[in-house]
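The structure under discussion appears below in the form of structure tokens.
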Amino acid sequence: MTLAIVIPSYRRGAVALDSLRALLALPQPADEILLVDQTRDHPAELAAALQALHDAGQIRWLRLPEPSIPHAMNVGLQQAGSDVVMFLDDDIVPDAQLVAAHRQAQSQGDALVAGRVFQPGQHSETLREGEPFRFTSDAPANIDEFMGGNFSVRREVALALGGFDENFVGAAYRFEAEFAWRYCRAHGPIHYEPSAIIHHLAIATGGTRAHGHHLRTIKPTHAVGAYYYWLRTRIPGWRRQALLRPLRAVRTRHHLRRPWWIPLTLLAEARGFALAWQLARRGPKLLKQAHG
């Protein structure tokens with residue numbers, strides 16, 4: 001079973017290069033690595049380093065003119081030539097057995113495998129019975145969502161589902177949840193594999209953070225994904241969640257200390273809902289391989 005790594009990247013040149021080098025150095029590396037780069041221009045030295053990796057056949061450096069997380073992932077999904085496609089963030093330190101763990105889980109028949117993600121300062125946890133699931137858990141589990149920075153999927157399965165919905169614009173918040181919703185309806189639970197580990201660096205610039213902080217913006221780029229997800233899936237209780245979201249958005253320490261941000265955040269939420277409504281009326285923007 002062949003496995004490709006796809007890394008969407010935006011304004012993370014030097015960090016993404018470090019991540020690529022770490023992945024290439026794994027004892028059991030992937031069969032191919034695709035960097036789907038949405039950065040308009042890199043410094044000359046960095047561009048030369050990426051081009052050298054591409055020319056040597058160690059990676060495939062794909063360039064896109066505009067940033068979009070789901071579109072970049074769809075491009076990687078379509079361009080990959082392997083049975084399984086593993087998607088990773090561009091600011092990570094991979095565990096030595098990352099690829100081997102995903103490959104092993106996939107070989108056991110799990111078409112969608114979610115890996116373990118350690119954010120800065122986090123560590124392995126043994127969850128008690130009945131405790132809410134977290135992606136730091138040390139035990140395998142069947143779950144209904146995954147984190148977009150560390151998961152693998154059978155390429156044919158993902159294509160048959162239509163790939164990732166490109167209506168998740170801006171920060172693309174909740175695009176993983178919508179894909180998981182479609183996957184679980186068609187194939188059942190997602191397998192969580194705790195031995196497939198990445199350490200997420202959570203770099204403060206680039207990536208989704210290029211859209212600004214969700215607490216300090218009047219743009220709809222963060223809120224739109226949440227509302228679109230609810231309008232798209234209509235999961236139980238979605239209306240109540242959508243109605244409560246603006247209230248929760250301003251019930252923060254940031255707004256308590258800076259109350260002048262309350263009307264601005266509410267404006268961002270209203271704009272996000274309006275845009276989500278327009279996108280939902282048009283229908284999902286999926287790859288043409290999907291039917292229905």
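Ordering of the structure tokens sets the chain letters (A, B, ...); residue numbers start at 1 within each chain; ligands are numbered from 1 in the order shown.
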Notebook entry, point to check: Got a sec: who's within 8 Å of A:Arg271, counting only C-alpha atoms, leaving out chain neighbours fewer than 4 positions off, as a ChimeraX atom specification?
Noted result: /A:219-220,224,267,275
Margin query: as a ChimeraX atom specification, please: the residues near stretch 122-125 of chain A (cut-off 7 Å, only C-alpha atoms, same-chain neighbours under 5 positions excluded).
Written below: /A:136-138
How would the residues just chosen look if you wrote them out with N, CA and C atoms as a CSV table (one decimal), in the first residue's frame?
chain,number,residue,atom,x,y,z
A,136,THR,N,-4.9,14.0,22.4
A,136,THR,CA,-3.7,13.6,23.1
A,136,THR,C,-3.8,12.2,23.8
A,137,SER,N,-5.0,11.6,23.6
A,137,SER,CA,-5.2,10.3,24.2
A,137,SER,C,-4.2,9.2,23.8
A,138,ASP,N,-3.9,8.3,24.7
A,138,ASP,CA,-2.9,7.3,24.3
A,138,ASP,C,-3.6,6.0,24.0
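Reported to one decimal place, the separation of atom CA of A:Pro132 from atom CA of A:His187 is 22.9 Å.
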Next item on the list: Considering only C-alpha atoms, return as a list in words whatever protein or nucleic-acid residues lie within 10 Å of A:Ala202, sequence-local ones (same chain, fewer than 6 positions apart) excluded.
Entry: Asp89, Asp90, Asp91, Ile92, Gln119, Pro120 and Arg209 of chain A
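Across the structure, atom CA of A:Val153 and atom CA of A:Gln106 are spaced 8.0 Å apart.
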Next item on the list: Determine, counting only C-alpha atoms, which protein, DNA and RNA residues have an atom within 9 Å of an atom of stretch 233-240 of chain A; residues of the same chain fewer than 4 positions away are not included. Present the result as number ranges by chain.
Entry: A: 178, 181-182, 228-229, 244-245
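Using only C-alpha atoms, the residues found no farther than 8 Å from A:Pro65, other than those of its own chain fewer than 4 positions away, are A:Gln38, A:Thr39, A:Arg40.
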